[in-house]
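A.B. asks: Let me give you the structure first, and then I'll get to my questions.
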Amino acid sequence: MKFNSQLMEELVTTYGPSGNEDNIRIYIKEQIEDYVDKIEVDSLGNLIARKKGNGKKIMIAAHMDQIGLMITDIDKDGFLRFTNVGGISPYILMSQKVIFENGRVGVVYVEPIEDISKLKLSNMFIDIGVNNKEEAENLVNIGDICIYKPDYSENDNVIHTRYLDDRVGCYVAIEAIKGIKNPKNDLYFVFTVQEEVGLRGAKTSAFKVEPDIGIAIDVTGSGDTPKAKTFAVGLNEGTAIKIKDNSIITHPKLREHMVNIARNNDIPYQMEVLEHGGTDSGAIHLTKEGVPTGAISIPTRYVHSTIETASKKDILDSVKLLIKLLESDIQL
Ligand code: CO
Ligand code: ZN
């Protein structure tokens, strides 16, 4: 399998912050509709694509929403104030370009401050290049969300871009949908909404699908950069099989099964113990009386920054593991 640069670039550059996933949902639907038996959108906006099979009912979740900034106020000179949608650091946000759904670009800066350690989202503003409030209001409204302006680069080894979280998970799910010809299990691929604000889409879609088994696909961090906190996950070391994050302890037998699949197919893998953060797996495993759930993670440096970095080989290994896992007979 070759790395599909076009798919990856289109995924990370399509607008879709939490609660505003229309554009990215349309894009993903177009990519997969010829490869699935049934496709639907639930009332929260989750895209649910089924590949019918006779075995276990498996829900595979990748979130399609992305972090952004929501406008809270427009002042008389046309400067915008905002709140965060998902985890945004002011230090990363400082002097970035942002873009609204209508294509309007703005830049983020800060009021004069003496002490940079006092940098907070509340003393920052967005300049969209207008002269006054009225001009601004013709372009943006309170409640509109802007995202980091798309920027994509790759070399033979890695991708540097914003929004690998979690468009790389969407990439892995899409490539698995295309790669699985005769599904053995009954597969429900769910591209979820509103993960970044509390795993909300996974919660409702898992309730609807009622899976026997859940698998989330998302980014994890890496411990392989200068003086990084100890974390036994690194780039180019293979796909990561999650043991825990703050939302889940994955099902031990499912995890063991995933490890066996990786071993038997010579897929490089590493075990992930993440001490912070959560994934859609956290919502799925608590559905109804409980769902055995695991997660495949893509090792990623600088998560939630504008320069998230992942290895193309790890991404391809993640696709391989997901396909082999979904094609396997899973006895828990
Ligand atoms: Co995230
Ligand atoms: Zn994520």
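Each chain in the structure tokens gets a letter, A, B, ..., in the order shown, and its residues are numbered from 1; ligands are numbered from 1 in order too.
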Which chains and residue numbers are within 8 Å of ligand 1, counting only C-alpha atoms and all ligand atoms, if I want them as a PyMOL selection string?
C.D. replies: chain A and resi 66-67+86-87+165-166+195-196+219+303-304
A.B. asks: Could you take the residues named above and write them with C-alpha atoms, as a short mmCIF file (atom, residue, chain, number, x, y, z; two decimals), in the first residue's frame?
C.D. replies:
data_model
loop_
_atom_site.label_atom_id
_atom_site.label_comp_id
_atom_site.auth_asym_id
_atom_site.auth_seq_id
_atom_site.Cartn_x
_atom_site.Cartn_y
_atom_site.Cartn_z
CA GLN A 66 -10.99 19.89 14.82
CA ILE A 67 -10.06 22.51 17.44
CA GLY A 86 -11.05 22.34 22.33
CA GLY A 87 -7.56 22.57 23.80
CA ASP A 165 -5.68 15.27 15.21
CA ASP A 166 -7.74 13.51 14.09
CA GLU A 195 -14.72 14.79 20.19
CA GLU A 196 -12.57 17.77 21.10
CA VAL A 219 -3.37 10.47 17.61
CA VAL A 303 -0.27 17.44 19.28
CA HIS A 304 -2.69 20.40 19.17
#
A.B. asks: Could you give me the residues within 12 Å of ligand 2, counting only C-alpha atoms and all ligand atoms, as a VMD selection string?
C.D. replies: chain A and resid 17 to 18 61 to 67 86 to 87 163 to 170 191 to 199 202 216 to 221 277 to 282 295 to 300 303 to 304 308
A.B. asks: Pick out the closest residue to Ile24 in chain A from this set: A:Gly238, A:Gly78, A:Gly143, A:Gly45. Count only C-alpha atoms.
C.D. replies: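 Of the candidates, the smallest distance to Ile24 in chain A is held by A:Gly45.
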A.B. asks: Please, what distance in Å, to one decimal, runs between CA of Lys2 in chain A and CA of Glu154 in chain A?
C.D. replies: 14.4 Å
A.B. asks: Rounded to one decimal place, report the CA of Leu11 in chain A-CA of Ala240 in chain A distance in Å.
C.D. replies: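 These two atoms are separated by 21.4 Å.
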A.B. asks: Residues of range 158-262 of chain A within 9 Å of range 34-42 of chain A: nearest atom pair and distance (Å, one decimal) for each, counting only C-alpha atoms, sorted by chain and number, as a Markdown table?
C.D. replies:
| residue | atom | partner | partner_atom | distance |
| --- | --- | --- | --- | --- |
| A:Ile177 | CA | A:Tyr35 | CA | 6.6 |
| A:Lys178 | CA | A:Tyr35 | CA | 6.0 |
| A:Ile180 | CA | A:Tyr35 | CA | 8.8 |
| A:Lys181 | CA | A:Tyr35 | CA | 8.5 |
| A:Thr204 | CA | A:Asp42 | CA | 8.7 |
| A:Ser205 | CA | A:Asp42 | CA | 7.5 |
| A:Lys208 | CA | A:Asp42 | CA | 8.8 |
A.B. asks: Determine which residues of range 101-281 of chain A DSSP labels as helix (DSSP H, G or I) from the backbone of this structure, then write them out as number ranges by chain.
C.D. replies: A: 116-118, 121-123, 133-137, 164-179, 200-209, 252-264, 280-281
A.B. asks: So, counting only C-alpha atoms, which residue among A:Ile116, A:Val259, A:Ile60, A:Ala232 is closest to Glu272 in chain A?
C.D. replies: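 Among the listed residues, A:Ala232 lies closest to Glu272 in chain A.
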